[in-house]
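What follows is one structure encoded as C-alpha cells, with my remarks underneath.
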Amino acid sequence: MPIHEWELKPEELREVCSAAQMGFETTDDLEIRPEPVMAQYRAMHALEIGLGMKDPDFNLFVSGLARSGRTEMIKAHVERLAAQEETPPDYVYVFNFKEPEKPRALRLPTGMGKTLRNDVDELINTLKVQLPEVFESEDYSNRREALVNQFTRERNNILKDLDEQATAEGFILNISQAGMMIFPGREGKPLTEEEIKALSDAEREELRQKSTALHTEMNEALRKIRKMEKEFQLSEKKLDQDVALFVVGHLIEELIEKYQQHPAVTDYLKQLEEDILKNVDDLKRRPGAPQPFPFPAPEPSFVQYQVNVFVDNSETKGAPVIVEHNPTYPNLFGSIERRAQFGALLTDFTLIHPGALHRANGGYLIINALDLLKWYYSYEALKRTLKERVIKIEDLGEQLGLITTKSLRPEPIPLHLKVILIGSPWIYQLLYNYDEDFHKHFKIKADFDWIMKRTPHHLERLISFVRSYTHKEGLPPLHNTAVARLVEYASEMVGHKYKLTLQVQELADIIKEANFWASKNGHTIIHGDDMEKAVSEKIFRSDLFEEKMQDYIQEGMLFIETSGSVVGQVNGLSVYMLGDYAFARPSRITATVSLGKEGVVAIERESKLSGNIHTKGVMILSSFLRSRFAKDKPLTLSAHLTFEQSYGMVDGDSASAAELIALLSCLAEAPLAQNIAMTGSVSQRGEFQPIGGVNWKVEGFYKVCKARGLDGRQGVIIPKSNVQELMLRQEVVDSVRAGLFHVWAVSSVDEALEILTGLPAGAPLPEGGFPPDTLNARVDQKLRSMMETARKLMKEEEGKKGDE
C-alpha cells in the first residue's frame, strides 16, 4: 500500500474554532448569564442529594483536580442554597455561678445575643455608677448609723450592768483591745499578790467563789455581745442588699419580663441578681484612681456579669457558609485565650472564642481535605465531633499534657451542619481505604470532571463563563478571534480535538495574561493575537529544560538521526512531565539479534531501570514473535533491546511498537528510515494501541527536525486511534500543509514497517508462511535459518560428546 494512504491531512491534525461563526463581535455583545458550574452534571447531582439530606452523617467529599475552580463553584452553589434556609440561632457564654469553671452556653434567637449583651452591659454600668453613689448617700449613712448606734447602745448596757455587778462584789472590770478581764480590787485599785496572800483562807475562798460567778456572768455577756454582733452584721448586710436591690432590682425585673419567653436567660438573670446581693460588699467600692505603685489596689470586679456573644448571626442572611483555609485546631474548634498578669496566665469565660465549626453551625463548612490532613489533631477531632454531634472547646495543650493547670470547661454546643471536604481523587481513595471512620461520616462523593465534550452547548457555556468572568474582574471584552483561540487552547490543555478542559482557573489565568499583552499593545479589546501571545509566553516561561535538551541534540551530545536508514534502529518518543509543563523528545531505540535461547531481553529491565508496564510491553513482543513466527518451529534467538543514552527509569508501553519494529528490522535485515519517529503500544496480534501525550510527541520530533532543517521526508507515525486527540500547534499544521512534515496514522505493525522500510510487510498465507520478497517472509526465513543453525550446532556438540 502506498505510504500516502496512511498520511493524515492538515485538517485532521487540529480542530480549528472559527471566529466568524461565533455570532458576536466581542463578548460585550453577549448577555451576562453567570454559570458557576460548567458541565459538572454528575457532581451537581451528588451535591443536590448530599445537601438535601439532613442526616448528619451524610457529609460530602468533593473530588476533582486542582485549579478546576472546585472551591469557588461549591461555595457559590452552597451559598445560593443557604440563602433560602433559616438563619441559625445565636449562642452566648455566661458565667456559671454554681460551677465557675464550667461556663454556660445559652441558645438565643437570631440577633438576640447582642441585645442581651447590651442589656447586661447597661446593667453593669448602672452597678458601677449608682451602687457607690447610693452607698455614699446620706440616707444610707443614717440608716447604717442607726444600726451602729443601736448595737453600740445595747452592747454598752450589757457592759455597764456587768461592771456594776463586778464593782458591787469588790471586783474591777477591765476592757481593752486584748479582751475583757475581771480581777479583785479595793478602792478602785487591783489587789496585789501580797495583799491576796495576806487574806485568810475563808476570805480567799469567798473571793474565788465571787470571781467564778462573775466570770460566768462575763461569759454570758460576751455571748450576748457576739450574738448581737452577728445580728448587726446580718442587719447591715440586709441593709446593703436592700439598698442594692433598690438600685438594680427593678432593672433585673424588667429584663426578666423582657426575656420571659427564654427560661435559660431568666434563670441566668435570677442567678445574676443573687450573686450581686451576695457580693454587694465587693461591688459597692468605687474604683480607685491609678496608683504609683506596681500593685494596683483591688477594684470591684464585674467580669462575671458580662455576656460573651460567642456566635452572632444577626448579620447572616440565611444559613452561614464558612470556608476555612487554615483548619488548625483552634481555628476549627475555638480557643480559650489567657492573659498574663504578674507572671501568671489567667483566663475567664469572656476569653472563649469561636472556631469555624461554631460560626458554620446551622449551615455549611467547606474545608480543603489536604489542608485538614496537615493538622492531624484537627482531623481526628472533627470526626469525633461529627460522631458526638456536639462541639467541645478543649485546650489542645491540655490534651497533649503540655499544660497541667486547671482550665475552663465550657458547656458544649449542639452540632447541626454539613461538612464539605474538597480534595483530589487519590486523597479520597486513601481515606476511604485506610480510615475506617471516614466513610461513616462522609457518605456522599461528588466527582468533578476535568474535561467536557466540545459540543455547541458546552461551547456556549464556556463563552458564557468568559463573559461573566471578564465582567466580574473588570477586564476588557474579548474579540471573537480571542475567544476562538481560547477555545482551541482549552482543547490543547486536554490533548483532544473534540474535548475541552474544565480547569477553568487555567482559562481565567490565560485571559488575564492576554489582557496584559493587550494593554502592552495599546488594545482596548483583547484580540486573537493577544491571546496567542499569552499562550506562547506561558510556554516560553516553562520550556527551558526542553530547550536545553534540544541543544544537546543539536550539539551531538544526544544521538538522534533525522536522515538516512539504519538496520535495527528507530526513533522512539519519550514524554517528560515537569509539573507545569510537559514535552517530548526522540529517543534512539536499538535492537540486536543473535543465536540463543534467551528470547527478547530488555536491557533496561536487566539493569532495573524499567517499570512494570515497560516490562509487560517487552514480554508482549516475545508473545507476538511466537504467535506469528513460531507455529511451525521453535524460536532460537537472543534479542536485546535498549533505549540508548537513557540513564533514568523507563516505564510505560508507548515504545513497545518501536521496539518491535527495531527487532523485526534486525531479523529482516531491512534498514529503517531515521527521518521518521514513531510511538504506540502493540498487542500480541501486532495491533497498534493508543498512547498518551500524542501531541507532545509529534511536536517533540518536529522541533528536532526543524532545528536541523525540514526536508519534506520527515514525520511521525502514530496509532490510528490517537487521531481524534490531535491538537497540534498551528506551526506544525502549517508545515504539514506545505509538505515539509508528515504525520501517519497506522493500525498495525505491518503498516508501520512498510512506512519505515518502503517494502511490503506481507500478510500470512492461508497455507502458512508469507509471500516471498516481503518483510515477514524475510523474518520467517531468518528465524528458520537460526533454528537450523542451532540444530546443527547441537548435533555437532552431541557428536563430540559421543566421541569422548
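Chain labels A, B, ... are given in the sequence in which chains occur in the C-alpha cells; within each chain residues are numbered consecutively from 1, and ligands are likewise numbered from 1 in the order shown.
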- Using DSSP on the backbone coordinates, identify all residues within range 556-697 of chain A classified as strand (DSSP E or B); present the result as a PyMOL selection string. chain A and resi 565-567+569-577+582-595+599-602+610+637-643+650+671-673+676-678+681-682+687-689
- Message: Can you pull out the residues contacting Ala508 in chain A? Cut-off 12 Å, using only C-alpha atoms, and skip same-chain residues under 6 positions away; I want them as JSON, numbers by chain.
- Response: {"A": [67, 68, 69, 462, 463, 465, 466, 467, 468, 469, 470, 472, 473, 475, 486, 489, 490, 501, 502, 514, 515, 531, 534]}
- Counting only C-alpha atoms, what is within 9 Å of range 3-18 of chain A, bar same-chain residues fewer than 5 positions away, as a ChimeraX atom specification? /A:480-481,483-485,487-488,491,496-498,717,720,723-730,732-737,742-746,751,754-755,758
- Item | Polymer residues at most 9 Å from range 242-252 of chain A, only C-alpha atoms, same-chain spacing of 5 or more positions, as a PyMOL selection string | chain A and resi 123+126-127+130-131+134-135+140+237+257+269-270+272-273+276-277+280+284
- Message: Can you measure CA of Ile560 in chain A to CA of Asn776 in chain A for me? One decimal in Å is fine.
- Response: 27.1 Å
Residues flagged alpha helix (DSSP H) by DSSP in range 303-412 of chain A, as a PDB file with C-alpha atoms, in the first residue's frame:
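Once written, states39.pdb looks like this:
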```
ATOM      1  CA  TYR A 329      -7.328  23.031  65.919  1.00  0.00           C
ATOM      2  CA  PRO A 330      -8.121  26.471  67.428  1.00  0.00           C
ATOM      3  CA  ASN A 331      -9.410  27.795  64.102  1.00  0.00           C
ATOM      4  CA  LEU A 332     -11.829  24.893  63.828  1.00  0.00           C
ATOM      5  CA  PHE A 333     -12.922  24.254  67.403  1.00  0.00           C
ATOM      6  CA  ALA A 356     -15.166  27.731  62.161  1.00  0.00           C
ATOM      7  CA  LEU A 357     -17.449  24.938  63.382  1.00  0.00           C
ATOM      8  CA  HIS A 358     -19.289  27.354  65.670  1.00  0.00           C
ATOM      9  CA  ARG A 359     -19.606  30.031  63.000  1.00  0.00           C
ATOM     10  CA  ALA A 360     -20.837  27.499  60.439  1.00  0.00           C
ATOM     11  CA  ALA A 369      -9.014  17.956  52.643  1.00  0.00           C
ATOM     12  CA  LEU A 370      -5.242  18.248  52.248  1.00  0.00           C
ATOM     13  CA  ASP A 371      -5.153  21.335  54.477  1.00  0.00           C
ATOM     14  CA  LEU A 372      -7.140  19.431  57.116  1.00  0.00           C
ATOM     15  CA  LEU A 373      -4.924  16.349  56.973  1.00  0.00           C
ATOM     16  CA  TYR A 376      -3.744  15.501  62.491  1.00  0.00           C
ATOM     17  CA  TYR A 377      -5.499  16.569  65.695  1.00  0.00           C
ATOM     18  CA  SER A 378      -7.930  18.708  63.727  1.00  0.00           C
ATOM     19  CA  TYR A 379      -8.948  15.782  61.540  1.00  0.00           C
ATOM     20  CA  GLU A 380      -9.369  13.375  64.449  1.00  0.00           C
ATOM     21  CA  ALA A 381     -11.289  15.945  66.498  1.00  0.00           C
ATOM     22  CA  LEU A 382     -13.564  16.688  63.530  1.00  0.00           C
ATOM     23  CA  LYS A 383     -14.501  13.020  63.220  1.00  0.00           C
ATOM     24  CA  ARG A 384     -15.131  12.844  66.966  1.00  0.00           C
ATOM     25  CA  THR A 385     -17.295  15.946  66.800  1.00  0.00           C
ATOM     26  CA  LEU A 386     -19.340  14.551  63.909  1.00  0.00           C
ATOM     27  CA  LYS A 387     -19.827  11.349  65.877  1.00  0.00           C
ATOM     28  CA  GLU A 388     -20.838  13.023  69.159  1.00  0.00           C
ATOM     29  CA  LEU A 396      -5.140  21.211  72.830  1.00  0.00           C
ATOM     30  CA  GLY A 397      -2.138  21.790  75.078  1.00  0.00           C
ATOM     31  CA  GLU A 398      -4.029  20.239  77.967  1.00  0.00           C
ATOM     32  CA  GLN A 399      -4.968  17.230  75.824  1.00  0.00           C
TER      33      GLN A 399
END
```
- Task: May I ask which of the residues A:Ser574, A:Asn149, A:Asn612, A:Ser638 is the closest one to Lys597 in chain A, counting only C-alpha atoms?
- Result: A:Ser638
- Go through A:Phe583, A:Met493, A:Asp632, A:Pro719 and flag the residue nearest Met452 in chain A, using only C-alpha atoms for the distances.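 Ranked by minimum distance to Met452 in chain A, first place goes to A:Met493.
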- Message: Here is a test: counting only C-alpha atoms, which residue of A:Met549, A:Leu222, A:Leu255, A:Leu106 is nearest to Ile158 in chain A?
- Response: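 For Ile158 in chain A, the nearest of the given residues is A:Leu222.
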- Task: Report the distance between CA of Leu759 in chain A and CA of Gly617 in chain A in Å, rounded to one decimal place.
- Result: 25.7 Å
- In Å to one decimal, how far is CA of Leu162 in chain A from CA of Gln177 in chain A? 17.7 Å
- Task: Extract, using only C-alpha atoms, all DNA, RNA and protein residues at most 9 Å from Pro634 in chain A, discarding same-chain residues fewer than 2 positions from it, and format them as a ChimeraX atom specification.
- Result: /A:626,629-632,636,783-784,787
What does the file look like for those residues with N, CA and C atoms, as a short mmCIF file (atom, residue, chain, number, x, y, z; two decimals), in the first residue's frame?
```cif
data_model
loop_
_atom_site.label_atom_id
_atom_site.label_comp_id
_atom_site.auth_asym_id
_atom_site.auth_seq_id
_atom_site.Cartn_x
_atom_site.Cartn_y
_atom_site.Cartn_z
N ARG A 626 6.19 -15.30 18.84
CA ARG A 626 5.79 -16.70 18.89
C ARG A 626 4.48 -16.94 18.12
N PHE A 629 5.51 -16.28 14.20
CA PHE A 629 6.59 -16.98 13.51
C PHE A 629 6.96 -18.33 14.12
N ALA A 630 6.40 -18.70 15.25
CA ALA A 630 6.84 -19.93 15.91
C ALA A 630 5.77 -21.02 15.89
N LYS A 631 4.87 -20.97 14.93
CA LYS A 631 3.83 -22.01 14.86
C LYS A 631 4.38 -23.32 14.32
N ASP A 632 5.44 -23.24 13.53
CA ASP A 632 6.00 -24.46 12.93
C ASP A 632 7.46 -24.67 13.28
N THR A 636 14.84 -19.72 18.41
CA THR A 636 16.18 -19.91 18.98
C THR A 636 16.98 -18.64 18.76
N LEU A 783 14.51 -16.60 11.08
CA LEU A 783 14.27 -17.39 12.27
C LEU A 783 14.44 -18.88 11.97
N ARG A 784 13.99 -19.31 10.78
CA ARG A 784 14.16 -20.72 10.40
C ARG A 784 15.65 -21.05 10.23
N MET A 787 17.18 -21.40 13.53
CA MET A 787 16.80 -22.68 14.14
C MET A 787 17.67 -23.82 13.58
#
```
- Task: Name all residues at most 12 Å from Met557 in chain A (count only C-alpha atoms; drop same-chain ones fewer than 4 positions away) and give them as a ChimeraX atom specification.
- Result: /A:548-553,644-645
- Closest of A:Lys278, A:Lys453, A:Arg223, A:His439 to Lys499 in chain A - atom-to-atom distances counting only C-alpha atoms: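 Between A:Lys278, A:Lys453, A:Arg223, A:His439, the residue approaching Lys499 in chain A most closely is A:Lys453.
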- Task: Please provide the set of residues having any atom within 7 Å of Ala673 in chain A, restricted to only C-alpha atoms, with same-chain residues fewer than 2 positions apart removed, written as a ChimeraX atom specification.
- Result: /A:564-566,671,675-676,756-757
Could those selected residues go to a file with all heavy atoms, as a PDB file, in the first residue's frame?
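Okay, this is what ended up in out06.pdb:
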```
ATOM      1  N   GLY A 564      18.705   9.277   6.563  1.00  0.00           N
ATOM      2  CA  GLY A 564      19.343   8.003   6.318  1.00  0.00           C
ATOM      3  C   GLY A 564      18.513   6.834   6.825  1.00  0.00           C
ATOM      4  O   GLY A 564      17.391   6.992   7.312  1.00  0.00           O
ATOM      5  N   SER A 565      19.103   5.624   6.703  1.00  0.00           N
ATOM      6  CA  SER A 565      18.436   4.399   7.138  1.00  0.00           C
ATOM      7  C   SER A 565      19.437   3.530   7.872  1.00  0.00           C
ATOM      8  O   SER A 565      20.609   3.441   7.479  1.00  0.00           O
ATOM      9  CB  SER A 565      17.869   3.633   5.938  1.00  0.00           C
ATOM     10  OG  SER A 565      16.913   4.408   5.247  1.00  0.00           O
ATOM     11  N   VAL A 566      18.981   2.847   8.921  1.00  0.00           N
ATOM     12  CA  VAL A 566      19.849   2.001   9.743  1.00  0.00           C
ATOM     13  C   VAL A 566      19.060   0.750  10.119  1.00  0.00           C
ATOM     14  O   VAL A 566      17.876   0.829  10.469  1.00  0.00           O
ATOM     15  CB  VAL A 566      20.316   2.725  11.022  1.00  0.00           C
ATOM     16  CG1 VAL A 566      21.218   1.812  11.848  1.00  0.00           C
ATOM     17  CG2 VAL A 566      21.026   4.020  10.673  1.00  0.00           C
ATOM     18  N   PRO A 671      16.771  -1.925   6.563  1.00  0.00           N
ATOM     19  CA  PRO A 671      17.048  -0.631   7.198  1.00  0.00           C
ATOM     20  C   PRO A 671      15.745   0.144   7.466  1.00  0.00           C
ATOM     21  O   PRO A 671      14.790   0.073   6.690  1.00  0.00           O
ATOM     22  CB  PRO A 671      17.927   0.087   6.180  1.00  0.00           C
ATOM     23  CG  PRO A 671      18.432  -0.972   5.267  1.00  0.00           C
ATOM     24  CD  PRO A 671      17.384  -2.014   5.215  1.00  0.00           C
ATOM     25  N   ASN A 675      14.490   9.350   9.368  1.00  0.00           N
ATOM     26  CA  ASN A 675      13.796  10.638   9.299  1.00  0.00           C
ATOM     27  C   ASN A 675      12.365  10.531   9.800  1.00  0.00           C
ATOM     28  O   ASN A 675      11.599  11.488   9.724  1.00  0.00           O
ATOM     29  CB  ASN A 675      13.807  11.160   7.858  1.00  0.00           C
ATOM     30  CG  ASN A 675      13.177  10.160   6.896  1.00  0.00           C
ATOM     31  OD1 ASN A 675      13.399   8.966   7.027  1.00  0.00           O
ATOM     32  ND2 ASN A 675      12.404  10.654   5.941  1.00  0.00           N
ATOM     33  N   ILE A 676      12.006   9.364  10.341  1.00  0.00           N
ATOM     34  CA  ILE A 676      10.661   9.136  10.869  1.00  0.00           C
ATOM     35  C   ILE A 676      10.778   8.628  12.303  1.00  0.00           C
ATOM     36  O   ILE A 676      11.576   7.730  12.596  1.00  0.00           O
ATOM     37  CB  ILE A 676       9.889   8.113  10.001  1.00  0.00           C
ATOM     38  CG1 ILE A 676       9.740   8.635   8.570  1.00  0.00           C
ATOM     39  CG2 ILE A 676       8.522   7.833  10.599  1.00  0.00           C
ATOM     40  CD1 ILE A 676       9.106   7.632   7.617  1.00  0.00           C
ATOM     41  N   LEU A 756       8.344   2.669   7.265  1.00  0.00           N
ATOM     42  CA  LEU A 756       9.734   2.850   7.677  1.00  0.00           C
ATOM     43  C   LEU A 756      10.738   2.193   6.739  1.00  0.00           C
ATOM     44  O   LEU A 756      11.898   2.619   6.671  1.00  0.00           O
ATOM     45  CB  LEU A 756       9.919   2.303   9.095  1.00  0.00           C
ATOM     46  CG  LEU A 756       9.297   3.163  10.211  1.00  0.00           C
ATOM     47  CD1 LEU A 756       9.188   2.354  11.494  1.00  0.00           C
ATOM     48  CD2 LEU A 756      10.109   4.414  10.443  1.00  0.00           C
ATOM     49  N   THR A 757      10.332   1.134   6.014  1.00  0.00           N
ATOM     50  CA  THR A 757      11.277   0.432   5.144  1.00  0.00           C
ATOM     51  C   THR A 757      10.995   0.647   3.663  1.00  0.00           C
ATOM     52  O   THR A 757      11.895   0.459   2.823  1.00  0.00           O
ATOM     53  CB  THR A 757      11.225  -1.083   5.431  1.00  0.00           C
ATOM     54  OG1 THR A 757       9.903  -1.574   5.120  1.00  0.00           O
ATOM     55  CG2 THR A 757      11.561  -1.366   6.885  1.00  0.00           C
TER      56      THR A 757
END
```
Give me the range 41-86 of chain A side of the contact with range 314-327 of chain A, cut-off 12 Å, one line per residue showing its nearest atom pair and distance in Å at one decimal, counting only C-alpha atoms, sorted by chain and residue number, as CSV.
```
residue,atom,partner,partner_atom,distance
A:Thr71,CA,A:Val323,CA,8.7
A:Glu72,CA,A:Val323,CA,9.9
A:Ile74,CA,A:Val323,CA,10.2
A:Lys75,CA,A:Val321,CA,7.5
A:Ala76,CA,A:Val321,CA,9.6
A:His77,CA,A:Val321,CA,10.4
A:Val78,CA,A:Val321,CA,7.2
A:Glu79,CA,A:Val321,CA,6.3
A:Arg80,CA,A:Gly318,CA,9.5
A:Leu81,CA,A:Ala319,CA,8.6
A:Ala82,CA,A:Ala319,CA,4.8
A:Ala83,CA,A:Gly318,CA,4.4
A:Gln84,CA,A:Gly318,CA,6.0
A:Glu85,CA,A:Gly318,CA,5.0
A:Glu86,CA,A:Gly318,CA,5.2
```
Please produce a file of the residues just selected, as an mmCIF file, in the first residue's frame, where the atoms kept are N, CA and C atoms.
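So the final result, stored in selection17.cif, reads:
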```cif
data_model
loop_
_atom_site.group_PDB
_atom_site.id
_atom_site.type_symbol
_atom_site.label_atom_id
_atom_site.label_comp_id
_atom_site.auth_asym_id
_atom_site.auth_seq_id
_atom_site.Cartn_x
_atom_site.Cartn_y
_atom_site.Cartn_z
ATOM 1 N N THR A 71 -13.570 24.892 44.633
ATOM 2 C CA THR A 71 -13.964 25.600 45.848
ATOM 3 C C THR A 71 -14.915 26.747 45.543
ATOM 4 N N GLU A 72 -14.584 27.541 44.520
ATOM 5 C CA GLU A 72 -15.443 28.677 44.174
ATOM 6 C C GLU A 72 -16.811 28.204 43.695
ATOM 7 N N ILE A 74 -18.341 25.295 44.408
ATOM 8 C CA ILE A 74 -19.093 24.730 45.528
ATOM 9 C C ILE A 74 -19.609 25.832 46.438
ATOM 10 N N LYS A 75 -18.752 26.803 46.734
ATOM 11 C CA LYS A 75 -19.159 27.894 47.611
ATOM 12 C C LYS A 75 -20.332 28.671 47.008
ATOM 13 N N ALA A 76 -20.255 28.971 45.716
ATOM 14 C CA ALA A 76 -21.335 29.707 45.069
ATOM 15 C C ALA A 76 -22.630 28.909 45.081
ATOM 16 N N HIS A 77 -22.532 27.605 44.816
ATOM 17 C CA HIS A 77 -23.741 26.769 44.799
ATOM 18 C C HIS A 77 -24.349 26.654 46.190
ATOM 19 N N VAL A 78 -23.492 26.425 47.183
ATOM 20 C CA VAL A 78 -23.995 26.266 48.552
ATOM 21 C C VAL A 78 -24.584 27.583 49.058
ATOM 22 N N GLU A 79 -23.965 28.697 48.710
ATOM 23 C CA GLU A 79 -24.493 29.991 49.149
ATOM 24 C C GLU A 79 -25.882 30.248 48.586
ATOM 25 N N ARG A 80 -26.116 29.858 47.339
ATOM 26 C CA ARG A 80 -27.455 30.024 46.767
ATOM 27 C C ARG A 80 -28.471 29.175 47.513
ATOM 28 N N LEU A 81 -28.047 27.966 47.886
ATOM 29 C CA LEU A 81 -28.944 27.089 48.638
ATOM 30 C C LEU A 81 -29.144 27.609 50.061
ATOM 31 N N ALA A 82 -28.060 28.057 50.681
ATOM 32 C CA ALA A 82 -28.138 28.516 52.073
ATOM 33 C C ALA A 82 -28.972 29.789 52.213
ATOM 34 N N ALA A 83 -28.991 30.621 51.168
ATOM 35 C CA ALA A 83 -29.741 31.871 51.234
ATOM 36 C C ALA A 83 -31.235 31.631 51.410
ATOM 37 N N GLN A 84 -31.713 30.443 51.049
ATOM 38 C CA GLN A 84 -33.129 30.134 51.159
ATOM 39 C C GLN A 84 -33.471 29.431 52.467
ATOM 40 N N GLU A 85 -32.466 29.169 53.291
ATOM 41 C CA GLU A 85 -32.694 28.445 54.536
ATOM 42 C C GLU A 85 -32.817 29.406 55.716
ATOM 43 N N GLU A 86 -33.228 28.850 56.831
ATOM 44 C CA GLU A 86 -33.435 29.645 58.042
ATOM 45 C C GLU A 86 -32.096 29.993 58.692
#
```
- Message: Calculated over only C-alpha atoms, which of the candidates A:Asp275, A:Asp282, A:Glu394, A:Asp55 has the smallest distance to Ser335 in chain A?
- Response: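 Smallest separation from Ser335 in chain A among the options: A:Glu394.
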